[in-house]
There are 2 protein chains.
Amino acid sequence: MERFLALDIGGTKIAVGRFTKDGVLEEEISFPTIPERGYKEIMKEIIEKLASIKTEDTIALGVGCAGPLDRVEGVIFSPPNLPGWDKAPIKVDLQKDLNIPVFIDNDANAACLGEYYFGAGKGCRDMVYITVSTGIGGGIMVDGKILHGRRDSAGEVGHQTILPDGPLCNCGNRGCLEAISSGTALAKRAKEVILSGEETILRDMSEEEEISAKLVREAMLKGDRSAKRIWDEAMEYLGIGVGNIITILSPERVIIGGSIGLSGKDVIEKIKEVVAKRVFLVPVDMIEIIPAKLGDKVGLYGAFSVALHERDL
Amino acid sequence: MERFLALDIGGTKIAVGRFTKDGVLEEEISFPTIPERGYKEIMKEIIEKLASIKTEDTIALGVGCAGPLDRVEGVIFSPPNLPGWDKAPIKVDLQKDLNIPVFIDNDANAACLGEYYFGAGKGCRDMVYITVSTGIGGGIMVDGKILHGRRDSAGEVGHQTILPDGPLCNCGNRGCLEAISSGTALAKRAKEVILSGEETILRDMSEEEEISAKLVREAMLKGDRSAKRIWDEAMEYLGIGVGNIITILSPERVIIGGSIGLSGKDVIEKIKEVVAKRVFLVPVDMIEIIPAKLGDKVGLYGAFSVALHERDL
């Protein structure tokens with residue numbers, strides 16, 4: 001039976017796997033990225049690991065990686081989490097050593113495809129996948145195909161402006177959804193609140209553990225008012241951002257993933273509440289807003305699905 | 001040669017026309033809508049006029065009309081500017097009397113198609129048409145096809161929230177782009193400024209002519225500071241809204257139409273300026289932002305193009 005290799009490149013962890021064409025993950029290896037090693041060193045380990053699980057009947061390799069990148073050329077342009085990967089010719093390098101066709105896409109599009117073939121997007125050809133984690137990213141599927149846009153840059157749902165005078169975003173803009181509702185934004189708000197002198201258990205908690213969105217959520221679940229305010233505000237804006245996507249695209253389904261997106265049922269409930277309150281010109285009762293299904297396997301399934309998708313087109 | 005009929009239904013004016021398949025507008029009649037007459041009376045006049053210009057070789061009728069509507073069933077659901085048109089079975093009624101296939105779409109999608117076939121969208125299969133007039137609407141084209149979404153509701157670019165605590169919008173939401181940057185919003189702001197007692201020539205002007213976006217623009221061009229502030233603010237937000245569309249869709253081209261969109265070169269210059277200032281993750285230098293070309297013929301060309309497009313699919 002035909003098999004596929006998959007490669008999921010993250011800033012912290014890299015995973016490789018081998019799938020049957022029906023989506024059975026037969027083998028899997030993961031190892032720390034250690035970005036300081038630089039492109040050549042990391043690629044050497046990637047290729048070794050891929051070669052070690054490649055079988056005779058492996059027909060293609062799918063890759064998911066942070067963008068910006070050029071999908072057709074297979075070149076990566078300095079993602080923030082992979083310093084030194086500037087114009088990194090990943091496709092050519094992988095193809096040369098593994099001798100099979102290589103298909104690449106950015107991680108959000110890969111995740112969207114993974115959910116489409118194997119997760120919460122099954123059977124749905126018009127959908128948006130939104131990951132809410134350290135950052136906020138997205139993949140848009142129209143009529144069963146990923147919408148790539150100019151230089152594969154479509155789907156940057158986290159960088160819509162929803163608060164024009166809001167906080168500065170890493171991208172350079174002000175008031176991006178990502179600057180308000182991402183894990184990074186939640187942690188930043190928590191730090192501000194602690195410094196403000198407000199009474200909150202976040203202060204004590206921050207002495208034992210680095211401040212993060214997870215910590216804010218824990219404090220909120222323990223009944224801390226400041227944490228609850230920080231969390232609720234961020235989720236209110238997340239709902240507005242999702243509402244804007246729905247207003248513009250009117251998809252069949254919106255799939256919410258990422259560590260914050262999947263941190264509890266309340267997140268999706270809140271998104272639905274805000275959407276119902278703000279979106280009137282699109283029939284929201286016809287649009288499903290549901291959690292992603294692939295969990296921490298979304299990276300590998302996504303990478304595999306990039307190769308599947310190219311064969312489908 | 002094959003010919004097409006076109007029908008553009010607006011709240012103030014209705015136009016019918018006959019086109020050759022190459023896009024020559026051979027005949028054209030327009031008449032006031034007078035919505036108070038109600039659906040039956042208006043349809044009677046529409047059918048009479050269409051019948052009067054229909055030739056033997058006319059093979060289809062294209063219709064552009066305000067939504068919400070069901071494109072496949074050809075039914076219109078109470079557009080604000082056509083009171084009483086509730087579940088109006090326009091497609092069936094037209095087909096019965098004219099005996100040719102009838103294709104219908106909402107006015108923004110029709111305009112998008114008109115620009116695609118005959119105007120500023122020629123040769124571009126991934127684009128967004130945005131009309132900035134009394135309201136703000138849009139049509140999205142992906143890979144040469146209109147993105148319709150659930151119940152033909154995609155492309156509502158004017159109802160993205162860009163100022164969550166902003167002014168109430170007619171749709172029921174707060175801070176929609178339309179509630180800030182449309183002609184209606186500009187006129188409303190001008191009235192507020194006049195009432196505030198601020199020194200402005202808008203006050204005198206408003207005694208001779210009803211306050212409108214056109215009046216605000218005239219006052220601005222005469223050097224009135226209040227009018228300039230009102231106008232600039234609205235255009236700044238318009239730029240943010242267009243930037244969000246670009247961030248999400250990363251199209252090849254954005255076409256700006258409508259009486260405000262086309263009121264002067266400064267409008268598109270301002271949009272470009274804001275986009276350059278706020279959009280970083282999409283290569284904006286690869287995206288054209290240009291004015292619509294069809295002018296006041298966009299309604300008829302749009303309606304005709306709806307029929308052309310259906311034949312193309």
# chains A, B, ... in the order shown; residues from 1 in each chain; ligands from 1
>>> interface_residues(of="chain B", to="chain A", cutoff="6 Å", atoms="only C-alpha atoms", output="compact mmCIF listing (two decimals) with N, CA and C atoms, in the first residue's frame")
# COMPACT_ATOMS: atom_id res chain seq x y z
N GLY B 149 -21.06 31.58 -0.11
CA GLY B 149 -21.29 31.31 1.31
C GLY B 149 -22.69 30.83 1.60
N ARG B 150 -22.98 30.71 2.89
CA ARG B 150 -24.28 30.20 3.32
C ARG B 150 -25.37 31.17 2.91
N SER B 153 -24.66 34.78 1.50
CA SER B 153 -24.43 35.92 2.39
C SER B 153 -22.97 36.32 2.53
N ALA B 154 -22.06 35.66 1.80
CA ALA B 154 -20.64 36.02 1.93
C ALA B 154 -20.39 37.41 1.35
N GLY B 155 -19.27 38.00 1.75
CA GLY B 155 -18.86 39.28 1.17
C GLY B 155 -19.43 40.50 1.86
N GLU B 156 -19.98 40.32 3.05
CA GLU B 156 -20.57 41.47 3.76
C GLU B 156 -19.46 42.29 4.43
N VAL B 157 -18.56 42.79 3.60
CA VAL B 157 -17.37 43.47 4.12
C VAL B 157 -17.70 44.71 4.95
N GLN B 160 -18.09 43.99 9.03
CA GLN B 160 -17.03 43.60 9.93
C GLN B 160 -16.99 44.63 11.06
N ILE B 162 -15.04 46.95 13.38
CA ILE B 162 -13.68 47.48 13.49
C ILE B 162 -13.55 48.43 14.66
N LEU B 163 -14.64 48.69 15.34
CA LEU B 163 -14.62 49.55 16.52
C LEU B 163 -15.67 48.98 17.47
N ASN B 173 -25.54 45.46 14.99
CA ASN B 173 -24.21 45.38 15.61
C ASN B 173 -23.71 46.80 15.93
N ASN B 244 -8.18 44.79 6.51
CA ASN B 244 -8.60 43.50 7.07
C ASN B 244 -8.96 42.49 5.98
N THR B 247 -5.75 41.29 4.59
CA THR B 247 -5.08 40.40 5.53
C THR B 247 -5.70 39.00 5.51
N ILE B 248 -6.99 38.94 5.37
CA ILE B 248 -7.68 37.65 5.41
C ILE B 248 -7.61 36.93 4.06
N LEU B 249 -7.82 37.67 2.97
CA LEU B 249 -7.96 37.01 1.66
C LEU B 249 -6.73 37.10 0.78
N SER B 250 -5.90 38.08 1.00
CA SER B 250 -4.72 38.28 0.17
C SER B 250 -5.03 38.14 -1.32
N PRO B 251 -5.98 38.95 -1.81
CA PRO B 251 -6.38 38.83 -3.22
C PRO B 251 -5.36 39.49 -4.15
N ARG B 278 -0.61 49.36 8.10
CA ARG B 278 -1.20 48.39 9.02
C ARG B 278 -1.09 46.93 8.59
N VAL B 282 0.98 40.30 4.69
CA VAL B 282 0.59 40.03 3.31
C VAL B 282 1.42 40.98 2.46
>>> select_by_dssp(residues="segment 67-270 of chain B", states="strand (DSSP E)", output="MDAnalysis selection string")
chainID B and resid 69:70 75:77 86:88 102:106 127:132 136:142 145:146 253:257
>>> write_last_selection(atoms="C-alpha atoms", output="tab-separated table (two decimals), in the first residue's frame")
chain	number	residue	atom	x	y	z
B	69	LEU	CA	-31.93	36.59	-1.48
B	70	ASP	CA	-31.73	32.94	-2.43
B	75	VAL	CA	-36.43	34.45	-4.11
B	76	ILE	CA	-35.89	37.85	-2.48
B	77	PHE	CA	-36.27	38.31	1.28
B	86	ASP	CA	-40.84	39.27	1.20
B	87	LYS	CA	-40.19	35.84	-0.29
B	88	ALA	CA	-40.76	37.52	-3.64
B	102	VAL	CA	-33.21	33.78	-15.40
B	103	PHE	CA	-30.10	34.12	-13.20
B	104	ILE	CA	-30.02	36.31	-10.13
B	105	ASP	CA	-27.45	37.53	-7.62
B	106	ASN	CA	-27.18	40.33	-5.11
B	127	MET	CA	-10.31	39.82	-6.31
B	128	VAL	CA	-12.62	41.73	-4.04
B	129	TYR	CA	-15.02	44.42	-5.14
B	130	ILE	CA	-15.99	46.92	-2.45
B	131	THR	CA	-18.69	49.51	-2.96
B	132	VAL	CA	-18.68	52.51	-0.64
B	136	ILE	CA	-20.75	49.40	2.19
B	137	GLY	CA	-20.99	46.09	0.40
B	138	GLY	CA	-18.73	43.68	-1.36
B	139	GLY	CA	-18.28	40.75	-3.68
B	140	ILE	CA	-15.47	38.24	-3.35
B	141	MET	CA	-14.11	36.31	-6.30
B	142	VAL	CA	-11.93	33.26	-5.70
B	145	LYS	CA	-15.95	32.30	-9.11
B	146	ILE	CA	-18.05	34.37	-6.74
B	253	ARG	CA	-6.80	43.04	-6.71
B	254	VAL	CA	-9.18	45.17	-4.66
B	255	ILE	CA	-11.61	47.27	-6.69
B	256	ILE	CA	-13.20	50.24	-5.00
B	257	GLY	CA	-16.55	51.47	-6.31
>>> residues_around(residues="Ser212 of chain A", least_positions_apart="4", cutoff="7 Å", atoms="only C-alpha atoms", output="PyMOL selection string")
chain A and resi 183+187+216
>>> residues_around(residues="segment 4-15 of chain B", least_positions_apart="6", cutoff="10 Å", atoms="only C-alpha atoms", output="PyMOL selection string")
chain B and resi 21-23+25+27-35+42+45-47+49-51+53-55+57-66+79-83+100+102-104+106-107+110+297-308
>>> atom_distance(atom1="atom CA of Met235 of chain B", atom2="atom CA of Glu209 of chain B")
23.1 Å
>>> residues_around(residues="Thr184 of chain A", least_positions_apart="4", cutoff="10 Å", atoms="only C-alpha atoms", output="list in words")
Ser133, Thr134, Gly135, Ile136, Glu178, Ala179, Ile180, Lys188, Arg189, Ala190, Ile211, Ser212 and Ala213 of chain A
>>> atom_distance(atom1="atom CA of Leu262 of chain A", atom2="atom CA of Gly295 of chain A")
8.5 Å
>>> select_by_dssp(residues="segment 61-176 of chain B", states="alpha helix (DSSP H)", output="list in words")
Ile90, Lys91, Val92, Asp93, Leu94, Gln95, Lys96, Asp97, Leu98, Asp107, Ala108, Asn109, Ala110, Ala111, Cys112, Leu113, Gly114, Glu115, Tyr116, Tyr117 and Phe118 of chain B
>>> atom_distance(atom1="atom CA of Gly144 of chain B", atom2="atom CA of Val274 of chain B")
27.6 Å
>>> closest_residue(among="B:Gly38, B:Thr20, B:Ser196, B:Leu94", to="Ser78 of chain B", atoms="only C-alpha atoms")
B:Gly38
>>> residues_around(residues="Gly119 of chain B", least_positions_apart="2", cutoff="10 Å", atoms="only C-alpha atoms", output="PyMOL selection string")
chain B and resi 111-117+121-123+255+291-295+298+301
